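Comments concern the structure below.
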Amino acid sequence: MQECLFCKIIAGEIPSKKVYEDENVYAFEDISPMAKIHWLFIHKKHTENISAMSQDPQQITDIFQAITRVAQEKGLESDGYRVVTNLGPNAGQTVFHTHFHVLGGEKLKGFGA
């Protein structure tokens, strides 16, 4: 996807602060963090949203294995963290490459239960 912002980040055409990378997943710091820790995890295979990604469940597995690995390595797992994805403009999706926000490092507000 030539015009996709996240595909350009994966390709190294746009700089990012890398948090993690393997053969399938790339993670980097969000440029507008909403928590002390705010990372974005993306699959290197482009899909537009979680519905499209669900057609290849291995991508979801790849993402969540990477999130778990990084959370454990960075000590985030002990206090907890939140994983969020948005689908469509009304939900707040502004980049149409499936991505997961990982938020933590502090007590987060909202979304009780």
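Just remember, in the structure tokens the first chain shown is A, the second B, etc., residues are 1-based per chain, and ligands are 1-based in the order shown.
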To test your reading of the structure, identify every residue in chain A that backbone DSSP assigns to helix (DSSP H, G or I), and report it as a ChimeraX atom specification.
/A:5-10,50-53,57-73,89-91
Just to be explicit: take each residue in the selection above, keep C-alpha atoms, and write the result as a PDB file, in the first residue's frame.
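So the final result, stored in selection_8.pdb, reads:
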ATOM      1  CA  LEU A   5       1.309   5.784   6.634  1.00  0.00           C
ATOM      2  CA  PHE A   6       2.021   2.627   8.629  1.00  0.00           C
ATOM      3  CA  CYS A   7       3.313   0.742   5.574  1.00  0.00           C
ATOM      4  CA  LYS A   8       5.737   3.646   5.047  1.00  0.00           C
ATOM      5  CA  ILE A   9       6.841   3.375   8.692  1.00  0.00           C
ATOM      6  CA  ILE A  10       7.453  -0.366   8.269  1.00  0.00           C
ATOM      7  CA  ILE A  50      -9.729  -5.761  12.516  1.00  0.00           C
ATOM      8  CA  SER A  51     -12.594  -7.204  10.441  1.00  0.00           C
ATOM      9  CA  ALA A  52     -10.265  -7.626   7.469  1.00  0.00           C
ATOM     10  CA  MET A  53      -7.490  -8.968   9.696  1.00  0.00           C
ATOM     11  CA  PRO A  57      -6.346 -15.168  12.343  1.00  0.00           C
ATOM     12  CA  GLN A  58      -2.605 -15.878  12.388  1.00  0.00           C
ATOM     13  CA  GLN A  59      -2.048 -12.124  12.074  1.00  0.00           C
ATOM     14  CA  ILE A  60      -4.034 -11.543  15.263  1.00  0.00           C
ATOM     15  CA  THR A  61      -2.026 -14.260  17.006  1.00  0.00           C
ATOM     16  CA  ASP A  62       1.237 -12.682  15.798  1.00  0.00           C
ATOM     17  CA  ILE A  63       0.189  -9.281  17.172  1.00  0.00           C
ATOM     18  CA  PHE A  64      -0.928 -10.539  20.580  1.00  0.00           C
ATOM     19  CA  GLN A  65       2.140 -12.736  21.025  1.00  0.00           C
ATOM     20  CA  ALA A  66       4.293  -9.656  20.327  1.00  0.00           C
ATOM     21  CA  ILE A  67       2.256  -7.510  22.736  1.00  0.00           C
ATOM     22  CA  THR A  68       2.623 -10.141  25.465  1.00  0.00           C
ATOM     23  CA  ARG A  69       6.368 -10.500  24.868  1.00  0.00           C
ATOM     24  CA  VAL A  70       7.013  -6.748  24.978  1.00  0.00           C
ATOM     25  CA  ALA A  71       4.756  -6.198  28.003  1.00  0.00           C
ATOM     26  CA  GLN A  72       6.661  -8.894  29.898  1.00  0.00           C
ATOM     27  CA  GLU A  73      10.098  -7.629  28.808  1.00  0.00           C
ATOM     28  CA  PRO A  89     -13.996   6.748  11.504  1.00  0.00           C
ATOM     29  CA  ASN A  90     -16.855   6.825  14.031  1.00  0.00           C
ATOM     30  CA  ALA A  91     -14.732   4.718  16.397  1.00  0.00           C
TER      31      ALA A  91
END
Show which residues sit within 12 Å of A:Gly104, as a PyMOL selection string. Count only C-alpha atoms, and ignore same-chain residues fewer than 4 positions away.
chain A and resi 33-39+71+74-84+108-109
Among chain A, which residues carry a DSSP assignment of strand (DSSP E), reported as an MDAnalysis selection string?
chainID A and resid 18:21 25:29 37:43 81:84 99:104
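A straight line drawn from atom CA of A:His101 to atom CA of A:His46 is 16.5 Å long.
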Which is closest to A:Asp30 among A:Leu87, A:Phe96, A:Lys45, A:Lys17, if we use only C-alpha atoms?
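Comparing A:Leu87, A:Phe96, A:Lys45, A:Lys17 against A:Asp30, the winner is A:Lys17.
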